[in-house]
Amino acid sequence: RLERQRRNLIGREIRLIDPYRHSGGIRILLCYPNLYPLAMSSLAWQGVYHLFNASPLFECHRSTLEFSVPLGSIETGQNFYDYDIVAFHFSYELDYLNFLDILKNNRIPEYRENRTGRYPLFMAGGLCVTVFPDVIEPFFDVMVQGEAECLIRQIEERIEAGEAVRIRRDRGKILELFSQLDNLWVPAWNSNRGIQRIHKPLDDPPLFTPLSSRERHFRSEFLLEVSRGCPSECSFC
């Protein structure tokens, strides 16, 4: 039943990118800890999916709450064990509860120190993580704070596609790479995160939705970023 649902969703999607064009690099399963219609309506989640797949260093697939037991890829149906990184995007704090349910239902240890080398690295990103990462820090190996464009650009400046292939499945080497980046926090390696303030370069193209589906809340509309952040810059926010 789940496989039929996956194939039906894929068949109804309109794609502007090919998620299969890069293979052999660092494999990422990008999870939205809520339902598919909400995930597909998120410009941020879709934008990050596009940014990873636009880089020759990564191969990125998606997962949502419907495909979380067992946790696997919408694109291929592959299990999360087949990926180097399982990344969760958090736009709302209540999704933390869904994330913990996903771990429990897949019998994945919640705390990072209890996950051995047989598990992929678990990464958290999104607005919630940028603003207040501490509440979910014990569960993740890597915390992304700031803009995804800056993260991917820093990785591309440090390694080439061939090296990305070589460090695949090597948790230590991937963590070593990530620990060198400005807007990544590796809690097990550095208790004082000291994240620098990271901005999106103004000359970067705007984010857009590379996938469209009538299953999402915005139906078949194309979403395009026209601004980011808030110009008020209130001190309490």
# chains A, B, ... in the order shown; residues from 1 in each chain; ligands from 1
call {"tool": "residues_around", "arguments": {"residues": "segment 163-171 of chain A", "least_positions_apart": "6", "cutoff": "8 Å", "atoms": "only C-alpha atoms", "output": "MDAnalysis selection string"}}
result
chainID A and resid 24:27 57:58 84 117 120:121
call {"tool": "select_by_dssp", "arguments": {"residues": "segment 3-160 of chain A", "states": "strand (DSSP E)", "output": "compact mmCIF listing (two decimals) with N, CA, C and O atoms, in the first residue's frame"}}
result
# COMPACT_ATOMS: atom_id res chain seq x y z
N ILE A 14 5.08 17.38 -10.97
CA ILE A 14 5.71 18.06 -12.09
C ILE A 14 7.10 18.51 -11.62
O ILE A 14 7.21 19.25 -10.65
N ARG A 15 8.15 18.05 -12.31
CA ARG A 15 9.52 18.28 -11.85
C ARG A 15 10.25 19.29 -12.75
O ARG A 15 10.19 19.18 -13.96
N ILE A 26 27.71 12.45 -1.49
CA ILE A 26 27.12 12.30 -0.17
C ILE A 26 25.61 12.23 -0.31
O ILE A 26 24.98 13.12 -0.87
N ARG A 27 25.02 11.16 0.20
CA ARG A 27 23.57 10.93 0.04
C ARG A 27 22.83 11.48 1.25
O ARG A 27 23.16 11.19 2.40
N ILE A 28 21.81 12.30 0.96
CA ILE A 28 21.03 12.96 2.00
C ILE A 28 19.56 12.60 1.84
O ILE A 28 19.00 12.68 0.73
N LEU A 29 18.93 12.20 2.94
CA LEU A 29 17.49 12.02 2.97
C LEU A 29 16.91 13.22 3.71
O LEU A 29 17.11 13.38 4.92
N LEU A 30 16.24 14.11 2.97
CA LEU A 30 15.73 15.36 3.51
C LEU A 30 14.29 15.15 3.98
O LEU A 30 13.38 14.98 3.16
N CYS A 31 14.10 15.17 5.29
CA CYS A 31 12.81 14.81 5.88
C CYS A 31 12.05 16.06 6.34
O CYS A 31 12.63 16.95 6.97
N TYR A 32 10.77 16.08 6.05
CA TYR A 32 9.88 17.10 6.60
C TYR A 32 8.98 16.37 7.60
O TYR A 32 8.19 15.52 7.20
N PHE A 58 26.33 16.18 -3.87
CA PHE A 58 25.26 15.57 -3.11
C PHE A 58 24.24 14.87 -4.01
O PHE A 58 24.07 15.21 -5.18
N GLU A 59 23.59 13.90 -3.42
CA GLU A 59 22.41 13.27 -4.00
C GLU A 59 21.33 13.31 -2.91
O GLU A 59 21.50 12.72 -1.85
N CYS A 60 20.26 14.06 -3.15
CA CYS A 60 19.27 14.34 -2.12
C CYS A 60 17.90 13.81 -2.51
O CYS A 60 17.42 14.07 -3.62
N HIS A 61 17.29 13.06 -1.61
CA HIS A 61 15.92 12.56 -1.78
C HIS A 61 15.07 13.07 -0.63
O HIS A 61 15.59 13.57 0.37
N ARG A 62 13.75 12.90 -0.75
CA ARG A 62 12.82 13.45 0.23
C ARG A 62 12.11 12.36 1.02
O ARG A 62 12.00 11.22 0.57
N SER A 63 11.61 12.77 2.20
CA SER A 63 10.72 11.92 2.97
C SER A 63 9.78 12.81 3.78
O SER A 63 10.16 13.93 4.16
N THR A 64 8.56 12.33 4.02
CA THR A 64 7.58 13.05 4.83
C THR A 64 6.96 12.08 5.83
O THR A 64 7.30 10.89 5.86
N ILE A 85 23.39 10.89 5.46
CA ILE A 85 22.83 11.91 6.36
C ILE A 85 21.31 11.87 6.26
O ILE A 85 20.74 11.81 5.16
N VAL A 86 20.65 11.88 7.42
CA VAL A 86 19.20 12.06 7.47
C VAL A 86 18.97 13.45 8.04
O VAL A 86 19.28 13.71 9.22
N ALA A 87 18.48 14.36 7.21
CA ALA A 87 18.35 15.77 7.59
C ALA A 87 16.88 16.10 7.81
O ALA A 87 16.03 15.78 6.98
N PHE A 88 16.59 16.77 8.93
CA PHE A 88 15.22 17.17 9.26
C PHE A 88 15.11 18.69 9.19
O PHE A 88 15.96 19.41 9.72
N HIS A 89 14.06 19.14 8.53
CA HIS A 89 13.80 20.58 8.40
C HIS A 89 12.68 20.96 9.37
O HIS A 89 11.59 20.40 9.33
N LEU A 121 24.32 9.92 9.91
CA LEU A 121 24.35 11.12 10.74
C LEU A 121 22.98 11.78 10.68
O LEU A 121 22.33 11.81 9.63
N PHE A 122 22.55 12.33 11.81
CA PHE A 122 21.27 13.04 11.86
C PHE A 122 21.54 14.53 11.97
O PHE A 122 22.29 14.99 12.85
N MET A 123 20.94 15.28 11.04
CA MET A 123 21.17 16.72 10.91
C MET A 123 19.84 17.46 11.09
O MET A 123 18.80 16.99 10.64
N ALA A 124 19.89 18.62 11.74
CA ALA A 124 18.70 19.47 11.91
C ALA A 124 18.95 20.84 11.34
O ALA A 124 20.04 21.40 11.48
N GLY A 125 17.94 21.39 10.67
CA GLY A 125 18.04 22.73 10.12
C GLY A 125 16.67 23.37 10.05
O GLY A 125 15.66 22.76 10.41
N VAL A 142 24.51 17.00 13.97
CA VAL A 142 24.88 18.25 13.30
C VAL A 142 23.68 19.19 13.34
O VAL A 142 22.55 18.79 13.08
N MET A 143 23.95 20.46 13.67
CA MET A 143 22.91 21.49 13.68
C MET A 143 23.29 22.58 12.68
O MET A 143 24.39 23.13 12.74
N VAL A 144 22.38 22.88 11.75
CA VAL A 144 22.62 23.91 10.74
C VAL A 144 21.95 25.21 11.20
O VAL A 144 20.76 25.23 11.46
call {"tool": "closest_residue", "arguments": {"among": "A:Glu215, A:Ser227, A:Ile174, A:Glu160", "to": "Glu13 of chain A", "atoms": "only C-alpha atoms"}}
result
A:Glu215
call {"tool": "residues_around", "arguments": {"residues": "Phe67 of chain A", "least_positions_apart": "2", "cutoff": "12 Å", "atoms": "only C-alpha atoms", "output": "short mmCIF file (atom, residue, chain, number, x, y, z; two decimals) with all heavy atoms, in the first residue's frame"}}
result
data_model
loop_
_atom_site.label_atom_id
_atom_site.label_comp_id
_atom_site.auth_asym_id
_atom_site.auth_seq_id
_atom_site.Cartn_x
_atom_site.Cartn_y
_atom_site.Cartn_z
N ARG A 1 0.82 -1.21 0.00
CA ARG A 1 0.00 0.00 0.00
C ARG A 1 0.86 1.26 0.00
O ARG A 1 0.58 2.21 -0.73
CB ARG A 1 -0.92 -0.02 1.21
CG ARG A 1 -1.83 1.21 1.33
CD ARG A 1 -2.80 1.04 2.50
NE ARG A 1 -3.56 2.24 2.73
CZ ARG A 1 -3.15 3.22 3.52
NH1 ARG A 1 -1.98 3.12 4.15
NH2 ARG A 1 -3.89 4.30 3.70
N LEU A 2 1.89 1.27 0.84
CA LEU A 2 2.78 2.44 0.90
C LEU A 2 3.53 2.63 -0.40
O LEU A 2 3.70 3.76 -0.88
CB LEU A 2 3.76 2.27 2.06
CG LEU A 2 4.61 3.50 2.43
CD1 LEU A 2 3.72 4.63 2.91
CD2 LEU A 2 5.63 3.13 3.50
N GLU A 3 3.96 1.53 -1.01
CA GLU A 3 4.67 1.62 -2.29
C GLU A 3 3.75 2.15 -3.38
O GLU A 3 4.16 2.96 -4.23
CB GLU A 3 5.23 0.24 -2.66
CG GLU A 3 5.93 0.19 -4.01
CD GLU A 3 7.17 1.04 -4.08
OE1 GLU A 3 7.69 1.47 -3.02
OE2 GLU A 3 7.64 1.29 -5.21
N ARG A 4 2.49 1.73 -3.37
CA ARG A 4 1.54 2.24 -4.35
C ARG A 4 1.31 3.73 -4.16
O ARG A 4 1.24 4.50 -5.13
CB ARG A 4 0.22 1.47 -4.22
CG ARG A 4 -0.78 1.81 -5.34
CD ARG A 4 -2.12 1.13 -5.15
NE ARG A 4 -1.96 -0.29 -4.83
CZ ARG A 4 -2.35 -0.82 -3.67
NH1 ARG A 4 -2.90 -0.07 -2.74
NH2 ARG A 4 -2.19 -2.11 -3.45
N GLN A 5 1.19 4.16 -2.90
CA GLN A 5 1.02 5.58 -2.61
C GLN A 5 2.22 6.39 -3.09
O GLN A 5 2.07 7.48 -3.66
CB GLN A 5 0.80 5.79 -1.12
CG GLN A 5 0.59 7.24 -0.70
CD GLN A 5 0.50 7.41 0.80
OE1 GLN A 5 0.75 6.47 1.56
NE2 GLN A 5 0.15 8.60 1.24
N ARG A 6 3.41 5.86 -2.84
CA ARG A 6 4.63 6.55 -3.27
C ARG A 6 4.67 6.72 -4.79
O ARG A 6 4.95 7.81 -5.30
CB ARG A 6 5.86 5.77 -2.79
CG ARG A 6 7.18 6.42 -3.10
CD ARG A 6 8.35 5.52 -2.73
NE ARG A 6 8.49 4.41 -3.67
CZ ARG A 6 9.08 4.51 -4.86
NH1 ARG A 6 9.57 5.68 -5.27
NH2 ARG A 6 9.18 3.47 -5.65
N ARG A 7 4.38 5.66 -5.51
CA ARG A 7 4.39 5.72 -6.98
C ARG A 7 3.32 6.67 -7.51
O ARG A 7 3.55 7.40 -8.48
CB ARG A 7 4.21 4.33 -7.56
CG ARG A 7 5.41 3.40 -7.33
CD ARG A 7 5.19 2.03 -7.95
NE ARG A 7 6.32 1.15 -7.73
CZ ARG A 7 7.40 1.11 -8.49
NH1 ARG A 7 7.48 1.92 -9.55
NH2 ARG A 7 8.39 0.28 -8.22
N LEU A 9 2.13 9.37 -5.98
CA LEU A 9 2.56 10.74 -5.73
C LEU A 9 3.62 11.17 -6.73
O LEU A 9 3.57 12.27 -7.27
CB LEU A 9 3.09 10.87 -4.30
CG LEU A 9 2.06 10.90 -3.18
CD1 LEU A 9 2.76 10.93 -1.82
CD2 LEU A 9 1.13 12.08 -3.31
N LEU A 29 18.93 12.20 2.94
CA LEU A 29 17.49 12.02 2.97
C LEU A 29 16.91 13.22 3.71
O LEU A 29 17.11 13.38 4.92
CB LEU A 29 17.11 10.72 3.69
CG LEU A 29 15.62 10.37 3.69
CD1 LEU A 29 15.11 10.15 2.27
CD2 LEU A 29 15.35 9.14 4.55
N LEU A 30 16.24 14.11 2.97
CA LEU A 30 15.73 15.36 3.51
C LEU A 30 14.29 15.15 3.98
O LEU A 30 13.38 14.98 3.16
CB LEU A 30 15.80 16.46 2.45
CG LEU A 30 15.34 17.86 2.86
CD1 LEU A 30 16.21 18.40 3.99
CD2 LEU A 30 15.35 18.81 1.67
N CYS A 31 14.10 15.17 5.29
CA CYS A 31 12.81 14.81 5.88
C CYS A 31 12.05 16.06 6.34
O CYS A 31 12.63 16.95 6.97
CB CYS A 31 13.00 13.89 7.08
SG CYS A 31 13.92 12.39 6.71
N TYR A 32 10.77 16.08 6.05
CA TYR A 32 9.88 17.10 6.60
C TYR A 32 8.98 16.37 7.60
O TYR A 32 8.19 15.52 7.20
CB TYR A 32 9.04 17.75 5.50
CG TYR A 32 8.33 19.00 5.93
CD1 TYR A 32 8.91 20.25 5.71
CD2 TYR A 32 7.09 18.95 6.57
CE1 TYR A 32 8.27 21.41 6.11
CE2 TYR A 32 6.44 20.11 6.98
CZ TYR A 32 7.03 21.34 6.74
OH TYR A 32 6.40 22.49 7.15
N PRO A 33 9.10 16.66 8.89
CA PRO A 33 8.38 15.88 9.90
C PRO A 33 6.91 16.25 10.02
O PRO A 33 6.39 16.50 11.10
CB PRO A 33 9.16 16.19 11.19
CG PRO A 33 9.70 17.55 10.95
CD PRO A 33 9.99 17.66 9.49
N ASN A 34 6.25 16.26 8.88
CA ASN A 34 4.81 16.50 8.83
C ASN A 34 4.30 15.93 7.51
O ASN A 34 5.07 15.32 6.77
CB ASN A 34 4.47 17.99 8.98
CG ASN A 34 3.17 18.19 9.74
OD1 ASN A 34 2.14 17.62 9.38
ND2 ASN A 34 3.20 18.99 10.80
N LEU A 35 3.05 16.17 7.19
CA LEU A 35 2.42 15.51 6.05
C LEU A 35 2.91 16.07 4.71
O LEU A 35 3.34 17.22 4.61
CB LEU A 35 0.91 15.63 6.16
CG LEU A 35 0.28 14.98 7.40
CD1 LEU A 35 -1.22 15.25 7.45
CD2 LEU A 35 0.55 13.48 7.41
N TYR A 36 2.79 15.25 3.69
CA TYR A 36 3.25 15.59 2.33
C TYR A 36 2.66 16.90 1.82
O TYR A 36 3.41 17.73 1.27
CB TYR A 36 2.91 14.43 1.39
CG TYR A 36 3.26 14.65 -0.06
CD1 TYR A 36 4.52 14.34 -0.55
CD2 TYR A 36 2.31 15.16 -0.95
CE1 TYR A 36 4.82 14.53 -1.90
CE2 TYR A 36 2.61 15.35 -2.29
CZ TYR A 36 3.86 15.03 -2.76
OH TYR A 36 4.16 15.23 -4.09
N ARG A 62 13.75 12.90 -0.75
CA ARG A 62 12.82 13.45 0.23
C ARG A 62 12.11 12.36 1.02
O ARG A 62 12.00 11.22 0.57
CB ARG A 62 11.73 14.28 -0.48
CG ARG A 62 12.21 15.48 -1.25
CD ARG A 62 11.11 15.97 -2.19
NE ARG A 62 10.85 14.98 -3.23
CZ ARG A 62 9.68 14.79 -3.82
NH1 ARG A 62 8.64 15.55 -3.48
NH2 ARG A 62 9.53 13.88 -4.76
N SER A 63 11.61 12.77 2.20
CA SER A 63 10.72 11.92 2.97
C SER A 63 9.78 12.81 3.78
O SER A 63 10.16 13.93 4.16
CB SER A 63 11.50 10.99 3.91
OG SER A 63 10.62 10.07 4.53
N THR A 64 8.56 12.33 4.02
CA THR A 64 7.58 13.05 4.83
C THR A 64 6.96 12.08 5.83
O THR A 64 7.30 10.89 5.86
CB THR A 64 6.48 13.68 3.96
OG1 THR A 64 5.80 12.64 3.23
CG2 THR A 64 7.07 14.69 2.98
N LEU A 65 6.04 12.58 6.63
CA LEU A 65 5.49 11.77 7.71
C LEU A 65 4.81 10.50 7.20
O LEU A 65 4.85 9.46 7.87
CB LEU A 65 4.49 12.62 8.51
CG LEU A 65 4.20 12.20 9.95
CD1 LEU A 65 5.46 12.11 10.77
CD2 LEU A 65 3.22 13.18 10.58
N VAL A 69 7.39 5.26 8.36
CA VAL A 69 7.35 3.94 8.99
C VAL A 69 7.20 2.88 7.90
O VAL A 69 6.09 2.61 7.46
CB VAL A 69 6.21 3.81 10.01
CG1 VAL A 69 6.29 2.45 10.72
CG2 VAL A 69 6.25 4.93 11.03
N PRO A 70 8.28 2.29 7.41
CA PRO A 70 9.66 2.63 7.77
C PRO A 70 10.10 3.92 7.09
O PRO A 70 9.58 4.27 6.03
CB PRO A 70 10.45 1.43 7.26
CG PRO A 70 9.66 0.96 6.07
CD PRO A 70 8.22 1.17 6.44
N LEU A 71 11.06 4.59 7.71
CA LEU A 71 11.55 5.85 7.17
C LEU A 71 12.30 5.59 5.86
O LEU A 71 13.27 4.84 5.83
CB LEU A 71 12.48 6.52 8.19
CG LEU A 71 13.08 7.88 7.80
CD1 LEU A 71 11.99 8.89 7.51
CD2 LEU A 71 14.00 8.38 8.91
N GLY A 72 11.82 6.21 4.77
CA GLY A 72 12.43 5.95 3.48
C GLY A 72 12.19 7.07 2.50
O GLY A 72 11.53 8.07 2.78
N SER A 73 12.75 6.92 1.31
CA SER A 73 12.75 7.94 0.26
C SER A 73 11.46 7.91 -0.56
O SER A 73 10.99 6.83 -0.94
CB SER A 73 13.96 7.73 -0.66
OG SER A 73 13.80 8.41 -1.88
N ILE A 74 10.92 9.09 -0.85
CA ILE A 74 9.79 9.19 -1.77
C ILE A 74 10.24 8.85 -3.18
O ILE A 74 9.52 8.18 -3.93
CB ILE A 74 9.18 10.61 -1.72
CG1 ILE A 74 8.55 10.88 -0.35
CG2 ILE A 74 8.15 10.80 -2.83
CD1 ILE A 74 8.01 12.29 -0.19
N GLU A 75 11.44 9.28 -3.55
CA GLU A 75 11.91 9.07 -4.92
C GLU A 75 12.14 7.60 -5.25
O GLU A 75 11.78 7.14 -6.34
CB GLU A 75 13.22 9.83 -5.16
CG GLU A 75 13.06 11.32 -5.43
CD GLU A 75 12.84 12.11 -4.15
OE1 GLU A 75 12.86 11.52 -3.06
OE2 GLU A 75 12.63 13.33 -4.24
N THR A 76 12.75 6.86 -4.34
CA THR A 76 13.18 5.49 -4.66
C THR A 76 12.61 4.42 -3.74
O THR A 76 12.69 3.24 -4.06
CB THR A 76 14.72 5.40 -4.58
OG1 THR A 76 15.13 5.63 -3.22
CG2 THR A 76 15.38 6.42 -5.50
N GLY A 77 12.07 4.82 -2.60
CA GLY A 77 11.61 3.84 -1.63
C GLY A 77 12.72 3.25 -0.79
O GLY A 77 12.47 2.37 0.05
N GLN A 78 13.96 3.71 -0.97
CA GLN A 78 15.08 3.17 -0.20
C GLN A 78 14.97 3.53 1.27
O GLN A 78 14.48 4.60 1.63
CB GLN A 78 16.40 3.69 -0.76
CG GLN A 78 16.78 3.10 -2.11
CD GLN A 78 18.06 3.74 -2.64
OE1 GLN A 78 18.09 4.91 -2.96
NE2 GLN A 78 19.11 2.94 -2.72
N ASN A 79 15.47 2.63 2.13
CA ASN A 79 15.45 2.83 3.56
C ASN A 79 16.47 3.88 3.98
O ASN A 79 17.47 4.10 3.29
CB ASN A 79 15.74 1.50 4.25
CG ASN A 79 15.49 1.55 5.75
OD1 ASN A 79 16.36 1.93 6.52
ND2 ASN A 79 14.29 1.18 6.15
N PHE A 80 16.23 4.51 5.12
CA PHE A 80 17.13 5.58 5.60
C PHE A 80 18.54 5.08 5.85
O PHE A 80 19.50 5.85 5.81
CB PHE A 80 16.55 6.23 6.86
CG PHE A 80 16.72 5.43 8.12
CD1 PHE A 80 17.79 5.65 8.97
CD2 PHE A 80 15.79 4.46 8.47
CE1 PHE A 80 17.95 4.93 10.13
CE2 PHE A 80 15.94 3.72 9.63
CZ PHE A 80 17.02 3.95 10.47
N ILE A 102 8.97 9.60 14.90
CA ILE A 102 9.64 8.91 13.79
C ILE A 102 10.78 8.05 14.32
O ILE A 102 10.95 6.89 13.92
CB ILE A 102 10.16 9.94 12.76
CG1 ILE A 102 8.99 10.59 12.02
CG2 ILE A 102 11.12 9.28 11.76
CD1 ILE A 102 9.39 11.74 11.12
N ASN A 105 9.23 5.01 16.22
CA ASN A 105 8.58 4.03 15.35
C ASN A 105 9.57 3.25 14.50
O ASN A 105 9.25 2.15 14.03
CB ASN A 105 7.55 4.72 14.45
CG ASN A 105 6.37 5.27 15.23
OD1 ASN A 105 6.03 4.74 16.29
ND2 ASN A 105 5.76 6.32 14.72
N ASN A 106 10.77 3.80 14.30
CA ASN A 106 11.81 3.10 13.54
C ASN A 106 12.87 2.47 14.45
O ASN A 106 13.88 1.98 13.96
CB ASN A 106 12.48 4.07 12.56
CG ASN A 106 11.60 4.40 11.37
OD1 ASN A 106 11.59 3.68 10.38
ND2 ASN A 106 10.86 5.50 11.46
#
call {"tool": "closest_residue", "arguments": {"among": "A:Ala161, A:Ala148, A:Leu100, A:Ala44", "to": "Glu225 of chain A", "atoms": "only C-alpha atoms"}}
result
A:Ala44
call {"tool": "residues_around", "arguments": {"residues": "Pro206 of chain A", "least_positions_apart": "2", "cutoff": "10 Å", "atoms": "only C-alpha atoms", "output": "short mmCIF file (atom, residue, chain, number, x, y, z; two decimals) with N, CA and C atoms, in the first residue's frame"}}
result
data_model
loop_
_atom_site.label_atom_id
_atom_site.label_comp_id
_atom_site.auth_asym_id
_atom_site.auth_seq_id
_atom_site.Cartn_x
_atom_site.Cartn_y
_atom_site.Cartn_z
N GLY A 47 13.30 24.49 -1.48
CA GLY A 47 14.48 25.22 -1.90
C GLY A 47 15.76 24.52 -1.50
N LYS A 200 22.68 35.25 3.42
CA LYS A 200 22.58 34.80 2.03
C LYS A 200 23.20 35.87 1.13
N LEU A 202 23.72 38.42 -1.72
CA LEU A 202 22.66 39.14 -2.43
C LEU A 202 22.61 38.78 -3.91
N ASP A 203 23.74 38.29 -4.47
CA ASP A 203 23.73 37.98 -5.90
C ASP A 203 23.25 36.55 -6.19
N ASP A 204 22.90 35.79 -5.15
CA ASP A 204 22.37 34.44 -5.36
C ASP A 204 20.96 34.53 -5.94
N PHE A 208 13.01 28.82 -5.32
CA PHE A 208 11.74 28.54 -5.98
C PHE A 208 11.38 27.09 -5.72
N LEU A 224 7.88 31.46 -5.60
CA LEU A 224 9.14 32.14 -5.86
C LEU A 224 9.44 33.07 -4.70
N GLU A 225 10.68 33.03 -4.21
CA GLU A 225 11.09 33.89 -3.10
C GLU A 225 11.23 35.33 -3.57
N VAL A 226 10.56 36.26 -2.88
CA VAL A 226 10.70 37.68 -3.20
C VAL A 226 11.39 38.44 -2.08
N SER A 227 11.46 37.85 -0.89
CA SER A 227 12.19 38.47 0.21
C SER A 227 12.53 37.40 1.23
N ARG A 228 13.47 37.70 2.13
CA ARG A 228 13.85 36.76 3.17
C ARG A 228 14.09 37.53 4.46
#
call {"tool": "closest_residue", "arguments": {"among": "A:Pro205, A:Gly162, A:Pro56, A:Pro187", "to": "Glu137 of chain A", "atoms": "only C-alpha atoms"}}
result
A:Pro187
